[in-house]
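For reference, the structure discussed in these notes is given below.
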Amino acid sequence: MLTTPFVILRALRGLLIRIGVIMDGKHHTALITGASAGIGRELAKLLAQDDYYLLLVARDGSRLSQSADELQRQFGITAKSFPLDLAAESAPQFLFDQLQREGVIIDVLVNNAGYGKLGAFAEIPLEESLGQIQLNITALTHLTKLFLGPMLERRSGKILNVASTAGFQPGPLMAVYYATKAYVVLRSSGE
Ligand SMILES: NC(=O)c1ccc[n+]([C@@H]2O[C@H](COP(=O)([O-])OP(=O)(O)OC[C@H]3O[C@@H](n4cnc5c(N)ncnc54)[C@H](OP(=O)(O)O)[C@@H]3O)[C@@H](O)[C@H]2O)c1
C-alpha cells in the first residue's frame with residue numbers, strides 16, 4: 001500500500017525526464033553563478049541532490065572552494081569552483097571559452113548572481129548603479145546568449161534566471177535594482 005505513491009512518483013519523474021521537463025542529473029553539469037552564498041548556494045545543494053556535476057562561480061575563491069568541498073562531501077558529487085568577477089565585461093566570454101577548451105558541456109545554466117544597493121538614486125555612486133546593471137542584466141544576458149547556442153544545437157538544456165518580486169513593481173530606495181529585476185522577468189518571459 002505504502003509503495004504505490006512512491007512507484008507513481010518515480011514513474012512520473014521518469015516521464016518528465018523523457019519529455020524533457022526535468023533532466024536526470026546523472027552525467028549532467030550545472031553552472032551556477034553566485035553559488036557560494038544565499039540562494040545560489042541553496043540551488044547548488046538541490047542540484048547536487050539530483051546528482052549534477054557542479055560548476056560554481058563567484059568572486060571570492062576561498063569561500064567558493066569551501067562551498068564546493070562541502071557539496072562534494074555532503075552529496076558525493078563533483079563540484080568545481082571557478083572564481084570570477086562576472087561584472088567584468090569580458091568575464092562571460094572568458095568563462096565560456098575556458099569551458100569550451102576543456103570540453104565541458106553545460107546542461108543547466110543558473111543565472112543567480114546579482115545584487116542591489118540600498119539608497120536614494122541620487123546618492124548612490126554611479127559605479128554602484130552601473131555595477132548592478134552590469135551584473136544583473138548584462139552578465140545574465142551575455143551568459144544566456146553564449147550558453148544557449150550549444151543547448152539549441154544539442155536540442156537539450158535549461159536556463160534558470162533568478163529574478164525577484166522586485167521585478168514586478170517600482171521599489172523604494174532601490175530603483176536600479178528593481179528595474180534590473182524587471183528586465184530579468186521580461187527577458188525570461190519573452191522569446
Ligand atoms: N536575498 C533576497 O531576499 C532575494 C530575493 C529575491 C531575489 N534575490 C536574487 O537572488 C539572487 C541571489 O541573491 P542572494 O541574496 O542569495 O545573494 P547573496 O547571498 O548576496 O550571494 C550572492 C552570490 O553572488 C556572488 N556574486 C556577487 N557579485 C558577484 C560578481 N560580480 N561576480 C560573480 N559572483 C558574484 C557572491 O559571491 P562573491 O561575493 O564571492 O562574488 C555570492 O556567491 C540575486 O540575483 C538576487 O537579486 C534575492
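Just so we're on the same page: first chain in the C-alpha cells is A, next is B, and so on; residues restart at 1 for each chain, and ligands are numbered from 1 in the order they show up.
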
>> Need to verify the contact set: range 72-81 of chain A, 6 Å, only C-alpha atoms, exclusion of same-chain residues closer than 2 positions in sequence. Can you return it as an MDAnalysis selection string?
In response: chainID A and resid 53:56 65 68:70

>> Neighbours of ligand 1 at 7 Å or closer, counting only C-alpha atoms and all ligand atoms: which residues, as a PyMOL selection string?
In response: chain A and resi 33-40+57-61+63-64+84-87+112-116+135-136+162-165

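Excluding Tyr178 in chain A itself and same-chain residues fewer than 6 positions from it, the residues having an atom within 9 Å of it are Gly116, Ser164, Thr165, Ala166, Gly167, Phe168, Gln169, Pro170, Gly171 and Pro172 of chain A, counting only C-alpha atoms.
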
With only C-alpha atoms counted and 12 Å as the cut-off, give the residues of range 60-149 of chain A in contact with range 154-161 of chain A, each with its shortest interatomic distance in Å and the pair that gives it, as a tab-separated table.
```
residue	atom	partner	partner_atom	distance
A:Ile105	CA	A:Gly157	CA	9.8
A:Ile106	CA	A:Gly157	CA	7.7
A:Asp107	CA	A:Gly157	CA	4.7
A:Val108	CA	A:Lys158	CA	4.7
A:Leu109	CA	A:Ile159	CA	4.7
A:Val110	CA	A:Leu160	CA	4.7
A:Asn111	CA	A:Asn161	CA	4.8
A:Asn112	CA	A:Asn161	CA	6.2
A:Ala113	CA	A:Asn161	CA	9.4
A:Gly114	CA	A:Asn161	CA	10.4
A:Asn136	CA	A:Asn161	CA	9.9
A:Ile137	CA	A:Asn161	CA	10.5
A:Ala139	CA	A:Asn161	CA	11.4
A:Leu140	CA	A:Asn161	CA	7.8
A:Thr141	CA	A:Asn161	CA	9.8
A:Leu143	CA	A:Ile159	CA	9.9
A:Thr144	CA	A:Ile159	CA	7.5
A:Lys145	CA	A:Ile159	CA	10.7
A:Leu146	CA	A:Ile159	CA	11.5
A:Phe147	CA	A:Ile159	CA	8.8
A:Leu148	CA	A:Gly157	CA	8.0
A:Gly149	CA	A:Arg154	CA	8.7
```

> Can you list every residue in range 68-148 of chain A that DSSP puts in strand (DSSP E), as a PyMOL selection string?
Replying inline: chain A and resi 79-83+108-111

Could those residues be written to a file, using N, CA and C atoms, as a PDB file, in the first residue's frame?
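Saved the output as selection_0.pdb:
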```pdb
ATOM      1  N   ALA A  79      32.174  18.901  -7.669  1.00  0.00           N
ATOM      2  CA  ALA A  79      31.888  20.339  -7.742  1.00  0.00           C
ATOM      3  C   ALA A  79      33.203  21.078  -7.942  1.00  0.00           C
ATOM      4  N   LYS A  80      33.267  21.854  -9.008  1.00  0.00           N
ATOM      5  CA  LYS A  80      34.478  22.626  -9.306  1.00  0.00           C
ATOM      6  C   LYS A  80      34.198  24.097  -9.101  1.00  0.00           C
ATOM      7  N   SER A  81      35.155  24.814  -8.554  1.00  0.00           N
ATOM      8  CA  SER A  81      34.933  26.258  -8.404  1.00  0.00           C
ATOM      9  C   SER A  81      35.677  27.026  -9.492  1.00  0.00           C
ATOM     10  N   PHE A  82      35.044  28.090  -9.909  1.00  0.00           N
ATOM     11  CA  PHE A  82      35.603  28.939 -10.962  1.00  0.00           C
ATOM     12  C   PHE A  82      35.492  30.388 -10.474  1.00  0.00           C
ATOM     13  N   PRO A  83      36.509  30.875  -9.733  1.00  0.00           N
ATOM     14  CA  PRO A  83      36.431  32.238  -9.202  1.00  0.00           C
ATOM     15  C   PRO A  83      36.503  33.271 -10.327  1.00  0.00           C
ATOM     16  N   VAL A 108      22.708  22.798 -17.627  1.00  0.00           N
ATOM     17  CA  VAL A 108      21.830  23.727 -16.905  1.00  0.00           C
ATOM     18  C   VAL A 108      22.637  24.959 -16.517  1.00  0.00           C
ATOM     19  N   LEU A 109      22.140  26.118 -16.922  1.00  0.00           N
ATOM     20  CA  LEU A 109      22.769  27.376 -16.516  1.00  0.00           C
ATOM     21  C   LEU A 109      21.843  28.074 -15.522  1.00  0.00           C
ATOM     22  N   VAL A 110      22.380  28.388 -14.356  1.00  0.00           N
ATOM     23  CA  VAL A 110      21.596  29.132 -13.361  1.00  0.00           C
ATOM     24  C   VAL A 110      22.209  30.527 -13.224  1.00  0.00           C
ATOM     25  N   ASN A 111      21.523  31.515 -13.788  1.00  0.00           N
ATOM     26  CA  ASN A 111      21.955  32.907 -13.678  1.00  0.00           C
ATOM     27  C   ASN A 111      21.406  33.467 -12.370  1.00  0.00           C
TER      28      ASN A 111
END
```

>> Can you pull out every residue from range 24-124 of chain A that DSSP, working from the backbone, puts in helix (DSSP H, G or I), and format the result as a PyMOL selection string?
In response: chain A and resi 38-49+61-75+91-102+121-123

Written file, previous selection with C-alpha atoms, as a PDB file, in the first residue's frame:
```
ATOM      1  CA  GLY A  38      22.424  32.633  -0.241  1.00  0.00           C
ATOM      2  CA  ILE A  39      20.032  31.418  -2.910  1.00  0.00           C
ATOM      3  CA  GLY A  40      22.787  30.261  -5.274  1.00  0.00           C
ATOM      4  CA  ARG A  41      24.249  28.011  -2.587  1.00  0.00           C
ATOM      5  CA  GLU A  42      20.835  26.508  -1.862  1.00  0.00           C
ATOM      6  CA  LEU A  43      20.193  25.910  -5.567  1.00  0.00           C
ATOM      7  CA  ALA A  44      23.596  24.219  -5.776  1.00  0.00           C
ATOM      8  CA  LYS A  45      22.544  21.864  -2.957  1.00  0.00           C
ATOM      9  CA  LEU A  46      19.303  20.988  -4.752  1.00  0.00           C
ATOM     10  CA  LEU A  47      21.153  20.226  -7.984  1.00  0.00           C
ATOM     11  CA  ALA A  48      23.756  18.210  -6.048  1.00  0.00           C
ATOM     12  CA  GLN A  49      20.929  16.168  -4.528  1.00  0.00           C
ATOM     13  CA  GLY A  61      37.795  31.919  -4.439  1.00  0.00           C
ATOM     14  CA  SER A  62      38.312  30.577  -0.907  1.00  0.00           C
ATOM     15  CA  ARG A  63      34.621  30.834   0.060  1.00  0.00           C
ATOM     16  CA  LEU A  64      33.753  29.228  -3.272  1.00  0.00           C
ATOM     17  CA  SER A  65      36.099  26.253  -2.876  1.00  0.00           C
ATOM     18  CA  GLN A  66      34.828  25.790   0.670  1.00  0.00           C
ATOM     19  CA  SER A  67      31.290  25.528  -0.761  1.00  0.00           C
ATOM     20  CA  ALA A  68      32.485  23.128  -3.460  1.00  0.00           C
ATOM     21  CA  ASP A  69      34.226  20.930  -0.857  1.00  0.00           C
ATOM     22  CA  GLU A  70      31.122  20.856   1.354  1.00  0.00           C
ATOM     23  CA  LEU A  71      28.888  19.883  -1.561  1.00  0.00           C
ATOM     24  CA  GLN A  72      31.273  17.115  -2.603  1.00  0.00           C
ATOM     25  CA  ARG A  73      31.462  15.749   0.934  1.00  0.00           C
ATOM     26  CA  GLN A  74      27.737  16.012   1.589  1.00  0.00           C
ATOM     27  CA  PHE A  75      26.391  14.711  -1.725  1.00  0.00           C
ATOM     28  CA  ALA A  91      34.096  37.612 -17.863  1.00  0.00           C
ATOM     29  CA  PRO A  92      31.175  35.736 -19.508  1.00  0.00           C
ATOM     30  CA  GLN A  93      33.143  35.207 -22.745  1.00  0.00           C
ATOM     31  CA  PHE A  94      36.239  34.187 -20.753  1.00  0.00           C
ATOM     32  CA  LEU A  95      34.213  31.604 -18.801  1.00  0.00           C
ATOM     33  CA  PHE A  96      32.521  30.237 -21.916  1.00  0.00           C
ATOM     34  CA  ASP A  97      35.810  29.963 -23.858  1.00  0.00           C
ATOM     35  CA  GLN A  98      37.545  28.244 -20.952  1.00  0.00           C
ATOM     36  CA  LEU A  99      34.784  25.630 -20.666  1.00  0.00           C
ATOM     37  CA  GLN A 100      34.762  25.110 -24.438  1.00  0.00           C
ATOM     38  CA  ARG A 101      38.516  24.493 -24.335  1.00  0.00           C
ATOM     39  CA  GLU A 102      38.051  21.947 -21.544  1.00  0.00           C
ATOM     40  CA  PHE A 121      19.258  57.015  -6.589  1.00  0.00           C
ATOM     41  CA  ALA A 122      20.847  60.481  -6.429  1.00  0.00           C
ATOM     42  CA  GLU A 123      23.127  59.440  -3.572  1.00  0.00           C
TER      43      GLU A 123
END
```
